[in-house]
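Peer 1: Just one file: work_37.txt, with compact mmCIF, C-alpha atoms and all ligand atoms.
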```
# COMPACT_ATOMS: atom_id res chain seq x y z
CA MET A 249 -79.95 123.25 7.69
CA GLY A 250 -76.39 124.49 7.92
CA ILE A 251 -73.24 122.43 7.96
CA PHE A 252 -73.28 122.34 11.73
CA SER A 253 -76.71 120.76 11.97
CA LYS A 254 -75.07 117.53 13.08
CA ILE A 255 -73.80 119.03 16.29
CA LYS A 256 -75.93 118.01 19.22
CA LYS A 257 -77.23 121.03 20.93
CA ALA A 258 -78.10 120.04 24.44
CA TRP A 259 -76.71 123.29 25.74
CA PHE A 260 -78.91 126.35 26.02
CA ASN A 261 -82.04 124.24 25.97
CA ALA A 262 -82.71 125.06 29.57
CA ILE A 263 -82.41 128.79 29.06
CA THR A 264 -85.33 131.14 28.69
CA TRP A 265 -84.25 134.24 26.86
CA ASN A 266 -87.06 136.56 27.80
CA MET A 267 -86.21 137.21 31.46
CA ILE A 268 -82.85 138.95 31.47
CA ASP A 269 -82.07 138.83 35.18
CA ASP A 270 -79.31 137.48 37.43
CA GLU A 271 -80.74 134.01 37.25
CA PHE A 272 -80.60 134.16 33.46
CA TYR A 273 -76.94 135.18 33.47
CA ASP A 274 -76.09 132.45 35.98
CA SER A 275 -77.74 129.70 33.96
CA LEU A 276 -76.15 131.06 30.80
CA GLU A 277 -72.70 130.88 32.35
CA GLU A 278 -73.42 127.35 33.53
CA SER A 279 -74.56 126.29 30.05
CA LEU A 280 -71.44 127.75 28.49
CA ILE A 281 -69.27 125.80 30.91
CA LEU A 282 -71.23 122.61 30.22
CA ALA A 283 -70.68 123.21 26.52
CA ASP A 284 -66.93 123.21 27.18
CA VAL A 285 -66.00 126.79 26.33
CA GLY A 286 -63.94 126.84 29.52
CA THR A 287 -64.64 128.70 32.73
CA ALA A 288 -62.65 131.82 31.88
CA VAL A 289 -64.38 132.34 28.54
CA ALA A 290 -67.78 131.64 30.10
CA ALA A 291 -67.29 134.22 32.84
CA GLU A 292 -65.91 136.85 30.49
CA ALA A 293 -68.54 136.33 27.83
CA VAL A 294 -71.35 136.64 30.35
CA GLN A 295 -69.83 139.78 31.86
CA GLU A 296 -69.45 141.31 28.42
CA LEU A 297 -73.03 140.40 27.62
CA ARG A 298 -74.24 142.02 30.85
CA ASP A 299 -72.39 145.23 30.01
CA THR A 300 -73.67 145.30 26.44
CA VAL A 301 -77.26 144.60 27.44
CA TYR A 302 -77.04 147.40 30.00
CA GLU A 303 -75.38 149.92 27.69
CA LYS A 304 -77.66 149.28 24.76
CA ARG A 305 -80.75 148.93 26.94
CA ILE A 306 -81.50 145.62 25.27
CA GLN A 307 -84.72 143.91 26.29
CA SER A 308 -85.66 141.32 23.73
CA GLY A 309 -84.38 137.76 23.92
CA ASP A 310 -83.50 137.75 20.24
CA GLU A 311 -81.25 140.77 20.64
CA VAL A 312 -79.56 139.18 23.64
CA LYS A 313 -78.88 136.06 21.59
CA ALA A 314 -77.47 138.14 18.76
CA GLU A 315 -75.12 139.94 21.15
CA LEU A 316 -73.95 136.65 22.66
CA ARG A 317 -73.26 135.29 19.19
CA LYS A 318 -71.15 138.34 18.40
CA ILE A 319 -69.21 138.00 21.63
CA LEU A 320 -68.46 134.32 21.03
CA ALA A 321 -67.64 134.84 17.37
CA ARG A 322 -65.03 137.42 18.39
CA GLN A 323 -63.32 134.77 20.51
CA LEU A 324 -62.93 132.72 17.36
CA GLU A 325 -61.07 135.40 15.43
CA VAL A 326 -57.55 134.06 15.89
CA GLY A 327 -56.31 133.87 12.34
CA ASP A 328 -57.05 132.85 8.82
CA THR A 329 -59.11 129.67 8.61
CA THR A 330 -58.14 128.83 5.03
CA LEU A 331 -55.30 126.54 3.99
CA HIS A 332 -52.30 128.07 2.26
CA LEU A 333 -51.05 125.38 -0.04
CA GLU A 334 -50.45 127.19 -3.30
CA THR A 335 -46.97 126.09 -4.39
CA ARG A 336 -46.50 122.91 -6.38
CA PRO A 337 -45.86 120.82 -4.49
CA SER A 338 -47.04 122.02 -1.13
CA VAL A 339 -47.06 119.89 2.00
CA ALA A 340 -49.40 119.41 4.93
CA LEU A 341 -48.27 117.43 7.96
CA ILE A 342 -51.17 115.95 9.86
CA ILE A 343 -50.30 115.39 13.51
CA GLY A 344 -52.02 114.38 16.73
CA VAL A 345 -52.35 111.51 19.19
CA ASN A 346 -53.77 108.07 18.32
CA GLY A 347 -57.39 107.68 17.44
CA VAL A 348 -58.28 111.34 17.04
CA GLY A 349 -59.02 110.96 13.32
CA LYS A 350 -55.80 111.86 11.47
CA THR A 351 -55.98 109.19 8.80
CA THR A 352 -59.71 109.67 8.28
CA SER A 353 -59.28 113.44 7.99
CA ILE A 354 -56.52 113.01 5.40
CA GLY A 355 -58.90 110.83 3.39
CA LYS A 356 -61.64 113.43 3.55
CA LEU A 357 -59.30 116.34 2.89
CA GLY A 358 -57.74 114.54 -0.08
CA HIS A 359 -61.21 114.00 -1.49
CA ARG A 360 -62.08 117.70 -1.09
CA MET A 361 -58.86 118.81 -2.78
CA LYS A 362 -59.33 116.33 -5.60
CA GLU A 363 -62.83 117.72 -6.16
CA GLU A 364 -61.28 121.17 -6.33
CA GLY A 365 -59.16 119.91 -9.20
CA LYS A 366 -55.92 119.40 -7.32
CA LYS A 367 -53.51 116.56 -7.79
CA VAL A 368 -53.06 115.01 -4.37
CA LEU A 369 -50.64 112.47 -2.96
CA PHE A 370 -50.90 110.78 0.43
CA CYS A 371 -47.73 109.97 2.33
CA ALA A 372 -48.08 107.07 4.77
CA GLY A 373 -45.86 108.55 7.47
CA ASP A 374 -47.40 106.47 10.24
CA THR A 375 -45.15 103.45 9.87
CA PHE A 376 -45.72 102.22 13.39
CA ARG A 377 -48.22 99.57 12.33
CA ALA A 378 -48.79 98.10 8.86
CA ALA A 379 -52.52 98.65 9.45
CA ALA A 380 -51.99 102.40 9.45
CA ALA A 381 -50.70 102.45 5.88
CA ASP A 382 -53.38 99.94 4.85
CA GLN A 383 -56.04 102.25 6.23
CA LEU A 384 -54.57 105.23 4.37
CA GLU A 385 -54.42 103.14 1.20
CA ILE A 386 -58.15 102.44 1.46
CA TRP A 387 -58.76 106.18 1.74
CA ALA A 388 -56.46 106.84 -1.21
CA ASP A 389 -58.56 104.45 -3.31
CA ARG A 390 -61.79 106.00 -2.12
CA ALA A 391 -60.64 109.54 -2.81
CA ASP A 392 -58.90 108.42 -5.99
CA VAL A 393 -55.55 109.98 -5.10
CA GLU A 394 -52.01 108.62 -5.14
CA LEU A 395 -50.23 107.03 -2.20
CA VAL A 396 -46.61 106.54 -1.23
CA ARG A 397 -45.94 103.97 1.45
CA GLN A 398 -43.20 101.70 2.69
CA HIS A 399 -42.96 98.66 4.91
CA GLU A 400 -43.99 98.61 8.57
CA GLY A 401 -41.34 100.11 10.81
CA ALA A 402 -39.79 102.17 8.02
CA ASP A 403 -38.34 105.56 8.84
CA PRO A 404 -41.16 108.11 8.39
CA GLY A 405 -38.57 110.56 7.06
CA ALA A 406 -37.67 108.12 4.31
CA VAL A 407 -41.32 107.75 3.35
CA LEU A 408 -41.73 111.51 3.19
CA PHE A 409 -38.54 111.76 1.12
CA ASP A 410 -40.02 109.27 -1.36
CA ALA A 411 -43.34 111.08 -1.38
CA LEU A 412 -41.69 114.41 -2.16
CA GLN A 413 -39.62 112.89 -4.97
CA ALA A 414 -42.79 111.36 -6.41
CA ALA A 415 -44.65 114.64 -6.03
CA LYS A 416 -41.96 116.56 -7.91
CA ALA A 417 -41.75 113.96 -10.66
CA ARG A 418 -45.52 113.81 -11.11
CA ASP A 419 -46.37 117.50 -10.79
CA THR A 420 -48.43 116.91 -7.66
CA ASP A 421 -50.12 119.90 -6.08
CA VAL A 422 -50.42 118.77 -2.48
CA VAL A 423 -48.75 116.10 -0.36
CA LEU A 424 -50.79 115.15 2.71
CA CYS A 425 -48.56 113.39 5.20
CA ASP A 426 -49.92 111.08 7.89
CA THR A 427 -47.86 110.72 11.08
CA ALA A 428 -47.79 108.32 14.00
CA GLY A 429 -49.70 109.29 17.10
CA ARG A 430 -47.92 106.87 19.31
CA LEU A 431 -44.81 108.76 20.21
CA HIS A 432 -44.13 107.97 23.78
CA ASN A 433 -42.83 111.32 24.87
CA LYS A 434 -42.54 114.93 23.91
CA GLN A 435 -38.87 114.71 23.03
CA ASN A 436 -39.52 111.87 20.60
CA LEU A 437 -42.30 113.76 19.00
CA MET A 438 -40.23 116.91 18.69
CA ASN A 439 -37.34 115.03 17.11
CA GLU A 440 -39.57 113.27 14.64
CA LEU A 441 -41.42 116.39 13.56
CA ALA A 442 -38.20 118.36 13.31
CA LYS A 443 -36.81 115.64 11.09
CA LEU A 444 -39.81 115.67 8.79
CA SER A 445 -39.60 119.45 8.66
CA LYS A 446 -35.94 119.31 7.67
CA ILE A 447 -36.70 116.87 4.87
CA ILE A 448 -39.29 119.27 3.48
CA ASP A 449 -36.75 122.15 3.72
CA ARG A 450 -34.27 120.14 1.77
CA GLU A 451 -36.46 118.38 -0.78
CA ALA A 452 -39.08 121.03 -1.35
CA PRO A 453 -37.51 124.36 -0.39
CA GLY A 454 -39.97 127.22 -0.55
CA ALA A 455 -42.96 124.91 -0.57
CA ASP A 456 -46.08 126.14 1.21
CA ARG A 457 -46.63 124.18 4.38
CA GLU A 458 -49.34 123.53 6.88
CA THR A 459 -48.95 121.72 10.16
CA LEU A 460 -52.43 120.68 11.16
CA LEU A 461 -53.20 119.27 14.58
CA VAL A 462 -56.12 116.87 14.70
CA LEU A 463 -58.15 117.05 17.90
CA ASP A 464 -61.09 114.93 18.99
CA ALA A 465 -63.90 117.23 20.18
CA THR A 466 -65.23 114.58 22.54
CA THR A 467 -62.08 114.70 24.67
CA GLY A 468 -62.99 118.20 25.73
CA GLN A 469 -60.64 120.14 27.96
CA ASN A 470 -58.20 117.19 28.09
CA GLY A 471 -57.61 117.56 24.39
CA LEU A 472 -56.63 121.12 25.04
CA ILE A 473 -53.73 120.10 27.26
CA GLN A 474 -52.48 117.81 24.49
CA ALA A 475 -52.89 120.58 21.98
CA LYS A 476 -50.73 122.94 24.02
CA GLN A 477 -47.91 120.43 24.01
CA PHE A 478 -48.15 119.99 20.27
CA LYS A 479 -48.23 123.72 19.78
CA GLU A 480 -45.01 124.13 21.74
CA THR A 481 -43.19 121.48 19.77
CA ALA A 482 -44.60 121.64 16.28
CA GLY A 483 -45.55 125.19 15.36
CA LEU A 484 -49.16 124.62 14.35
CA THR A 485 -50.81 126.47 11.49
CA GLY A 486 -54.29 125.12 12.14
CA ILE A 487 -56.57 122.63 13.83
CA ILE A 488 -58.83 119.95 12.42
CA LEU A 489 -61.48 119.31 15.04
CA THR A 490 -63.07 115.88 14.57
CA LYS A 491 -66.11 114.09 15.97
CA LEU A 492 -68.14 117.24 16.47
CA ASP A 493 -71.09 115.09 15.39
CA GLY A 494 -70.68 113.01 18.52
CA THR A 495 -70.62 115.67 21.17
CA ALA A 496 -72.85 118.16 22.87
CA LYS A 497 -69.73 120.07 23.78
CA GLY A 498 -69.14 122.07 20.64
CA GLY A 499 -67.99 124.96 22.78
CA ILE A 500 -64.55 123.36 22.79
CA VAL A 501 -63.99 125.17 19.49
CA ILE A 502 -64.07 128.46 21.36
CA ALA A 503 -61.82 127.17 24.13
CA ILE A 504 -59.28 126.01 21.54
CA ALA A 505 -59.19 129.33 19.73
CA ARG A 506 -58.88 131.23 22.95
CA GLU A 507 -56.26 129.05 24.64
CA LEU A 508 -54.11 128.21 21.64
CA GLN A 509 -54.61 131.22 19.43
CA VAL A 510 -54.58 128.80 16.50
CA PRO A 511 -57.53 128.78 14.08
CA VAL A 512 -59.77 125.77 13.65
CA LYS A 513 -59.65 125.26 9.87
CA PHE A 514 -61.81 122.19 9.40
CA VAL A 515 -64.31 120.24 11.42
CA GLY A 516 -65.13 116.53 11.15
CA LEU A 517 -68.83 115.77 11.34
CA GLY A 518 -68.94 112.03 10.71
CA GLU A 519 -67.08 109.06 9.26
CA GLY A 520 -68.05 109.53 5.61
CA ILE A 521 -65.84 110.97 2.90
CA ASP A 522 -67.91 114.18 2.72
CA ASP A 523 -68.00 114.71 6.47
CA LEU A 524 -65.26 117.32 6.66
CA GLN A 525 -66.22 120.97 6.41
CA PRO A 526 -64.29 124.23 6.39
CA PHE A 527 -64.85 126.03 9.64
CA ASN A 528 -66.87 129.21 9.63
CA ALA A 529 -67.19 131.10 12.91
CA GLU A 530 -70.43 132.90 12.13
CA GLU A 531 -72.25 129.80 10.98
CA PHE A 532 -70.89 127.97 13.98
CA VAL A 533 -72.18 130.35 16.65
CA GLN A 534 -75.45 130.60 14.74
CA ALA A 535 -75.82 126.83 14.99
CA LEU A 536 -74.93 126.75 18.65
CA ILE A 537 -77.23 129.50 19.88
N1 LIG B 1 -68.14 110.26 14.31
C1 LIG B 1 -66.95 110.59 13.82
N2 LIG B 1 -65.96 109.66 13.80
C2 LIG B 1 -64.77 110.02 13.30
C3 LIG B 1 -64.52 111.32 12.79
N3 LIG B 1 -63.23 111.37 12.37
C4 LIG B 1 -62.71 110.13 12.60
N4 LIG B 1 -63.61 109.32 13.16
C5 LIG B 1 -63.44 107.92 13.60
O1 LIG B 1 -62.44 107.86 14.61
C6 LIG B 1 -61.72 106.65 14.55
C7 LIG B 1 -60.22 106.90 14.52
O2 LIG B 1 -59.89 107.54 13.30
P1 LIG B 1 -58.44 107.43 12.63
O3 LIG B 1 -58.48 108.28 11.41
O4 LIG B 1 -58.03 106.03 12.47
O5 LIG B 1 -57.54 108.13 13.76
P2 LIG B 1 -55.94 108.30 13.82
O6 LIG B 1 -55.43 107.24 14.75
O7 LIG B 1 -55.70 109.66 14.37
O8 LIG B 1 -55.41 108.15 12.44
C8 LIG B 1 -62.23 105.92 13.31
O9 LIG B 1 -63.17 104.96 13.70
C9 LIG B 1 -62.90 107.03 12.50
O10 LIG B 1 -63.93 106.56 11.66
C10 LIG B 1 -65.59 112.30 12.84
O11 LIG B 1 -65.48 113.46 12.45
N5 LIG B 1 -66.77 111.87 13.36
MG MG B 2 -54.01 106.82 11.68
```
Take the structure from the file and write it as structure tokens.
Ligand SMILES: Nc1nc2c(ncn2[C@@H]2O[C@H](COP(=O)(O)OP(=O)(O)O)[C@@H](O)[C@H]2O)c(=O)[nH]1
Ligand SMILES: [Mg+2]
Peer 2:
Amino acid sequence: MGIFSKIKKAWFNAITWNMIDDEFYDSLEESLILADVGTAVAAEAVQELRDTVYEKRIQSGDEVKAELRKILARQLEVGDTTLHLETRPSVALIIGVNGVGKTTSIGKLGHRMKEEGKKVLFCAGDTFRAAAADQLEIWADRADVELVRQHEGADPGAVLFDALQAAKARDTDVVLCDTAGRLHNKQNLMNELAKLSKIIDREAPGADRETLLVLDATTGQNGLIQAKQFKETAGLTGIILTKLDGTAKGGIVIAIARELQVPVKFVGLGEGIDDLQPFNAEEFVQALI
């Protein structure tokens, strides 16, 4: 069982792979759309598959599947899927709307990095509600990493400033910074992220940085609209796609790569501390088809 075994695979169940005719291609396109790859990708992938099957005179269902996997995997090649956080300290801003799994993903990511031998510090940049910092504190305890927080309503920039000072003083490898998801409009969001960015420029010049957008896979194509707005304002370096365990629509991964041209770097596959996995395109399409 691979790491994607938790993804529900309702799609493609209805397809028989041994009759490669028009009906087959139609139901394949339909299944791809149901899986949330988006209509454009579905149409293109099926057309490409038709051409390949014709050119290579492919007849067996297994070969057809293999070609489809290759076609979909190519859609996912939009950049490096690894994190670049080599400087000490380095900083990752975790952004996204409420409830998508930012705080949980920071907990899981901190745990992973700690296991890799890194010294990690969480920055409670979501100061909107006291509960947000409390939740991050629970994750900090679980992952056994440090936490910098302030009072409810504090300026997130001030919390990040503190976190960076602490990181420099304590020789921390990575600062993972939580942010609020409840920013009422785009302008607010832009201002806030720009401010955080400026603080990093000033307090940790030359530090490696990641800006990771957390997206909930179950929100499907709606999430994609959100993601485009974040991309415009925040300059994303990667995506963390959560709740893939709860959806039959794993194809959203392909839609994201295609529409945003930003790599999915991690996927969330549950609520436990170990339920965050690095994304691997080949394994992913293997699991889906
Ligand atoms: N099933 C599942 N639930 C998740 C995953 N990631 C987060 N959650 C849940 O989603 C809810 C919101 O998560 P939270 O981290 O508080 O979201 P935030 O508002 O973006 O910080 C919580 O109940 C989490 O346990 C995931 O990968 N799979
Ligand atoms: Mg949160």
Peer 1: Could you check the closest approach to A:Lys443 for each of A:Pro404, A:Gly358, A:Gly498, A:Gly286 and tell me which residue wins, using only C-alpha atoms?
Peer 2: A:Pro404
Peer 1: Can you tell me which residues come within 6 Å of ligand MG 2 (chain B) when counting all atoms listed in the file, ideally as a PyMOL selection string?
Peer 2: chain A and resi 350-351+380
Peer 1: Just want the residues within 6 Å of ligand LIG 1 (chain B), written as a compact mmCIF listing (two decimals) with C-alpha atoms, in the coordinates of the input, counting all atoms listed in the file.
Peer 2:
```
# COMPACT_ATOMS: atom_id res chain seq x y z
CA ASN A 346 -53.77 108.07 18.32
CA GLY A 347 -57.39 107.68 17.44
CA VAL A 348 -58.28 111.34 17.04
CA GLY A 349 -59.02 110.96 13.32
CA LYS A 350 -55.80 111.86 11.47
CA THR A 351 -55.98 109.19 8.80
CA THR A 352 -59.71 109.67 8.28
CA THR A 490 -63.07 115.88 14.57
CA LYS A 491 -66.11 114.09 15.97
CA ASP A 493 -71.09 115.09 15.39
CA GLY A 494 -70.68 113.01 18.52
CA GLY A 516 -65.13 116.53 11.15
CA LEU A 517 -68.83 115.77 11.34
CA GLY A 518 -68.94 112.03 10.71
CA GLU A 519 -67.08 109.06 9.26
```
Peer 1: Excluding stretch 421-424 of chain A and its own-chain neighbours fewer than 3 positions away, which residues fall within 10 Å of it when counting only C-alpha atoms? Please give them as a ChimeraX atom specification.
Peer 2: /A:333-342,351,354-355,357-358,361-362,365-373,394-396,408,411-412,414-416,418,427,455-458
Peer 1: Between atom CA of A:Asp269 and atom CA of A:Gly309, what distance in Å does the model show, to one decimal?
Peer 2: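 Straight-line distance from atom CA of A:Asp269 to atom CA of A:Gly309 works out to 11.5 Å.
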Peer 1: Tell me, in Å to one decimal, how far atom CA of A:Lys304 is from atom CA of A:Leu316.
Peer 2: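 We find that atom CA of A:Lys304 and atom CA of A:Leu316 lie 13.3 Å from each other.
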Peer 1: Complete stretch 393-421 of chain A at the level of N, CA and C atoms, written as a PDB file, in the coordinates of the input.
Peer 2:
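Generated output (rebuild.pdb):
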```pdb
ATOM      1  N   VAL A 393     -56.797 109.221  -5.084  1.00  0.00           N
ATOM      2  CA  VAL A 393     -55.550 109.980  -5.100  1.00  0.00           C
ATOM      3  C   VAL A 393     -54.383 108.991  -4.957  1.00  0.00           C
ATOM      4  N   GLU A 394     -53.165 109.508  -5.187  1.00  0.00           N
ATOM      5  CA  GLU A 394     -52.010 108.620  -5.140  1.00  0.00           C
ATOM      6  C   GLU A 394     -51.512 108.410  -3.706  1.00  0.00           C
ATOM      7  N   LEU A 395     -50.746 107.345  -3.536  1.00  0.00           N
ATOM      8  CA  LEU A 395     -50.230 107.030  -2.200  1.00  0.00           C
ATOM      9  C   LEU A 395     -48.774 106.597  -2.308  1.00  0.00           C
ATOM     10  N   VAL A 396     -47.964 107.077  -1.356  1.00  0.00           N
ATOM     11  CA  VAL A 396     -46.610 106.540  -1.230  1.00  0.00           C
ATOM     12  C   VAL A 396     -46.492 105.924   0.146  1.00  0.00           C
ATOM     13  N   ARG A 397     -46.099 104.659   0.175  1.00  0.00           N
ATOM     14  CA  ARG A 397     -45.940 103.970   1.450  1.00  0.00           C
ATOM     15  C   ARG A 397     -44.699 103.097   1.412  1.00  0.00           C
ATOM     16  N   GLN A 398     -44.289 102.672   2.603  1.00  0.00           N
ATOM     17  CA  GLN A 398     -43.200 101.700   2.690  1.00  0.00           C
ATOM     18  C   GLN A 398     -43.623 100.599   3.653  1.00  0.00           C
ATOM     19  N   HIS A 399     -42.657  99.776   4.013  1.00  0.00           N
ATOM     20  CA  HIS A 399     -42.960  98.660   4.910  1.00  0.00           C
ATOM     21  C   HIS A 399     -43.157  99.145   6.343  1.00  0.00           C
ATOM     22  N   GLU A 400     -43.795  98.315   7.145  1.00  0.00           N
ATOM     23  CA  GLU A 400     -43.990  98.610   8.570  1.00  0.00           C
ATOM     24  C   GLU A 400     -42.637  98.842   9.243  1.00  0.00           C
ATOM     25  N   GLY A 401     -42.578  99.839  10.084  1.00  0.00           N
ATOM     26  CA  GLY A 401     -41.340 100.110  10.810  1.00  0.00           C
ATOM     27  C   GLY A 401     -40.341 100.963  10.042  1.00  0.00           C
ATOM     28  N   ALA A 402     -40.686 101.322   8.811  1.00  0.00           N
ATOM     29  CA  ALA A 402     -39.790 102.170   8.020  1.00  0.00           C
ATOM     30  C   ALA A 402     -39.630 103.537   8.684  1.00  0.00           C
ATOM     31  N   ASP A 403     -38.575 104.217   8.320  1.00  0.00           N
ATOM     32  CA  ASP A 403     -38.340 105.560   8.840  1.00  0.00           C
ATOM     33  C   ASP A 403     -39.338 106.523   8.173  1.00  0.00           C
ATOM     34  N   PRO A 404     -40.169 107.200   8.974  1.00  0.00           N
ATOM     35  CA  PRO A 404     -41.160 108.110   8.390  1.00  0.00           C
ATOM     36  C   PRO A 404     -40.509 109.165   7.487  1.00  0.00           C
ATOM     37  N   GLY A 405     -39.296 109.578   7.876  1.00  0.00           N
ATOM     38  CA  GLY A 405     -38.570 110.560   7.060  1.00  0.00           C
ATOM     39  C   GLY A 405     -38.284 110.023   5.668  1.00  0.00           C
ATOM     40  N   ALA A 406     -37.964 108.734   5.603  1.00  0.00           N
ATOM     41  CA  ALA A 406     -37.670 108.120   4.310  1.00  0.00           C
ATOM     42  C   ALA A 406     -38.929 108.039   3.451  1.00  0.00           C
ATOM     43  N   VAL A 407     -40.058 107.800   4.087  1.00  0.00           N
ATOM     44  CA  VAL A 407     -41.320 107.750   3.350  1.00  0.00           C
ATOM     45  C   VAL A 407     -41.658 109.138   2.802  1.00  0.00           C
ATOM     46  N   LEU A 408     -41.446 110.145   3.642  1.00  0.00           N
ATOM     47  CA  LEU A 408     -41.730 111.510   3.190  1.00  0.00           C
ATOM     48  C   LEU A 408     -40.773 111.903   2.063  1.00  0.00           C
ATOM     49  N   PHE A 409     -39.518 111.498   2.183  1.00  0.00           N
ATOM     50  CA  PHE A 409     -38.540 111.760   1.120  1.00  0.00           C
ATOM     51  C   PHE A 409     -39.061 111.181  -0.197  1.00  0.00           C
ATOM     52  N   ASP A 410     -39.460 109.924  -0.162  1.00  0.00           N
ATOM     53  CA  ASP A 410     -40.020 109.270  -1.360  1.00  0.00           C
ATOM     54  C   ASP A 410     -41.229 110.020  -1.902  1.00  0.00           C
ATOM     55  N   ALA A 411     -42.099 110.408  -0.973  1.00  0.00           N
ATOM     56  CA  ALA A 411     -43.340 111.080  -1.380  1.00  0.00           C
ATOM     57  C   ALA A 411     -43.031 112.398  -2.080  1.00  0.00           C
ATOM     58  N   LEU A 412     -42.031 113.120  -1.553  1.00  0.00           N
ATOM     59  CA  LEU A 412     -41.690 114.410  -2.160  1.00  0.00           C
ATOM     60  C   LEU A 412     -41.040 114.219  -3.529  1.00  0.00           C
ATOM     61  N   GLN A 413     -40.209 113.184  -3.651  1.00  0.00           N
ATOM     62  CA  GLN A 413     -39.620 112.890  -4.970  1.00  0.00           C
ATOM     63  C   GLN A 413     -40.736 112.578  -5.969  1.00  0.00           C
ATOM     64  N   ALA A 414     -41.667 111.738  -5.531  1.00  0.00           N
ATOM     65  CA  ALA A 414     -42.790 111.360  -6.410  1.00  0.00           C
ATOM     66  C   ALA A 414     -43.606 112.589  -6.778  1.00  0.00           C
ATOM     67  N   ALA A 415     -43.838 113.450  -5.793  1.00  0.00           N
ATOM     68  CA  ALA A 415     -44.650 114.640  -6.030  1.00  0.00           C
ATOM     69  C   ALA A 415     -43.992 115.546  -7.070  1.00  0.00           C
ATOM     70  N   LYS A 416     -42.675 115.699  -6.953  1.00  0.00           N
ATOM     71  CA  LYS A 416     -41.960 116.560  -7.910  1.00  0.00           C
ATOM     72  C   LYS A 416     -41.982 115.944  -9.297  1.00  0.00           C
ATOM     73  N   ALA A 417     -41.790 114.637  -9.363  1.00  0.00           N
ATOM     74  CA  ALA A 417     -41.750 113.960 -10.660  1.00  0.00           C
ATOM     75  C   ALA A 417     -43.120 113.971 -11.346  1.00  0.00           C
ATOM     76  N   ARG A 418     -44.175 113.955 -10.535  1.00  0.00           N
ATOM     77  CA  ARG A 418     -45.520 113.810 -11.110  1.00  0.00           C
ATOM     78  C   ARG A 418     -46.317 115.106 -11.125  1.00  0.00           C
ATOM     79  N   ASP A 419     -45.653 116.226 -10.774  1.00  0.00           N
ATOM     80  CA  ASP A 419     -46.370 117.500 -10.790  1.00  0.00           C
ATOM     81  C   ASP A 419     -47.565 117.522  -9.827  1.00  0.00           C
ATOM     82  N   THR A 420     -47.368 116.960  -8.678  1.00  0.00           N
ATOM     83  CA  THR A 420     -48.430 116.910  -7.660  1.00  0.00           C
ATOM     84  C   THR A 420     -48.619 118.277  -7.020  1.00  0.00           C
ATOM     85  N   ASP A 421     -49.856 118.622  -6.745  1.00  0.00           N
ATOM     86  CA  ASP A 421     -50.120 119.900  -6.080  1.00  0.00           C
ATOM     87  C   ASP A 421     -49.879 119.818  -4.577  1.00  0.00           C
TER      88      ASP A 421
END
```
